[in-house]
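Q: Let me begin by handing over the structure; questions about it come next.
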Amino acid sequence: MNLIGRQGSRRGRMARTSYAIALGSNRRSRHGSPAATLRAALAAIDGVRRVSAIRTTPALGPAGRAFANAVAIVESKLAPDELLAELKAIERAFGRRPGRRWGPRVLDLDIVLWSGGAWHGSGPTIPHPAFRSRDFVLRPLAEVAPGWRDPASGATVRQLLARLTAPRPQPR
Ligand code: A4P
Ligand code: MG
């Protein structure tokens, strides 16, 4: 995970870098249940090296039905904007249609972290802006990459999860 990506290089010509990808589903697809859909999506993504357990989590926000969530570590020569285009193509192939933001979805593939550090501008924002506050991302991420440091805060994934789940003092 120490490979530094070079921006602006031609497609697939970057040094190999690592990505943490968060997967979510709360609708059945032609592959079956949300969990079966995630298993099929993991088989469709190139370069998967590690996969967390798939968990059922209560929906955050107005998305309704419970989600299946997981995180995968992927190695790729693609730049972040190229990888996002591939992930969006997989979402479409799995039957995802543009709809209400946060609506029920067959498959959501978000790039959470990149070994090249931060990425802004064309394509994704990395680190994913919301990952530090999401139990359904940090818990599986801590299973597969506990020591990975958030380039913005310098905290490891393990530390971010501990902060999120620390008991808060009760008001007296
Ligand atoms: N985009 C920018 N940065 C990224 C990135 N790092 N990774 C852009 C992926 N995409 C990124 O995403 C909207 C736009 O964000 C894209 O055009 C992309 O270019 P989207 O996936 O098309 O739409 P979305 O999924 O509705 O938005 P978003 O922000 O991905 O939704 P969230 O924040 O993922 O929330 N509850 C549980 N328990 N589990 C869940 O997985 N997921 C959501 C969706 C709500 N509640 C949930 C869960
Ligand atoms: Mg998304």
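Just so we're on the same page: first chain in the structure tokens is A, next is B, and so on; residues restart at 1 for each chain, and ligands are numbered from 1 in the order they show up.
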Neighbours of A:Pro80 within 12 Å (only C-alpha atoms; same-chain residues fewer than 2 positions away dropped), as a PyMOL selection string?

A: chain A and resi 5-9+11-12+14+16-21+74-78+82-87+110-128

Q: DSSP says strand (DSSP E) for which residues of stretch 102-168 of chain A? Put them as a ChimeraX atom specification?

A: /A:108-114

Q: When you draw a straight line from atom CA of A:Pro34 to atom CA of A:Thr56, how long is it in Å?

A: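 Separation between atom CA of A:Pro34 and atom CA of A:Thr56: 9.1 Å.
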
Q: Ranking A:Pro151, A:Gly64, A:Gly47, A:Pro169 by minimum distance to ligand 1 and counting only C-alpha atoms and all ligand atoms, which one comes first?

A: A:Gly64

Q: If we count only C-alpha atoms and set the cut-off at 10 Å, which residues sit around A:Leu42, ignoring sequence neighbours fewer than 4 positions away in its own chain? Please answer as a list of chain:residue names.

A: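 Result of the neighbour search: A:Leu23, A:Ala36, A:Thr37, A:Leu38, A:Asp46, A:Gly47, A:Val48, A:Val51, A:Ala70, A:Val71, A:Ala72, A:Val74.
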
Q: Under the rule that only C-alpha atoms and all ligand atoms are counted, which of A:Arg39, A:Arg158, A:Lys88, A:His31 is the nearest residue to ligand 1?

A: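 Among A:Arg39, A:Arg158, A:Lys88, A:His31, it is A:Lys88 that comes nearest to ligand 1.
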
Q: Could you jot down the atom CA of A:Leu107 to atom CA of A:Ser25 separation for me, Å, one decimal place?

A: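 These atoms are spaced 4.7 Å apart.
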
Q: Show which residues sit within 10 Å of A:Arg30, as a ChimeraX atom specification. Count only C-alpha atoms, and ignore same-chain residues fewer than 2 positions away.

A: /A:28,32-33,36-37,94-95,106

Q: Restricted to N, CA and C atoms, what would the selected residues look like written as a tab-separated table (two decimals), in the first residue's frame?

A:
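Heads up, here's the output in part_30.tsv:
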```tsv
chain	number	residue	atom	x	y	z
A	28	ARG	N	-33.48	-6.36	-3.98
A	28	ARG	CA	-33.12	-7.59	-4.70
A	28	ARG	C	-32.73	-7.26	-6.13
A	32	GLY	N	-30.33	-12.08	-6.82
A	32	GLY	CA	-30.98	-12.52	-5.59
A	32	GLY	C	-31.02	-11.44	-4.53
A	33	SER	N	-30.85	-11.85	-3.28
A	33	SER	CA	-30.97	-10.94	-2.14
A	33	SER	C	-29.88	-9.87	-2.21
A	36	ALA	N	-26.55	-11.55	-1.77
A	36	ALA	CA	-26.14	-12.28	-2.98
A	36	ALA	C	-25.71	-11.30	-4.07
A	37	THR	N	-26.36	-10.15	-4.10
A	37	THR	CA	-25.99	-9.11	-5.07
A	37	THR	C	-24.57	-8.61	-4.80
A	94	PHE	N	-25.88	-4.04	-13.03
A	94	PHE	CA	-26.64	-4.73	-11.99
A	94	PHE	C	-28.06	-4.19	-11.88
A	95	GLY	N	-28.40	-3.24	-12.74
A	95	GLY	CA	-29.79	-2.77	-12.79
A	95	GLY	C	-30.04	-1.49	-12.04
A	106	VAL	N	-30.19	-1.05	-5.88
A	106	VAL	CA	-29.73	-2.42	-6.14
A	106	VAL	C	-28.26	-2.54	-5.74
```
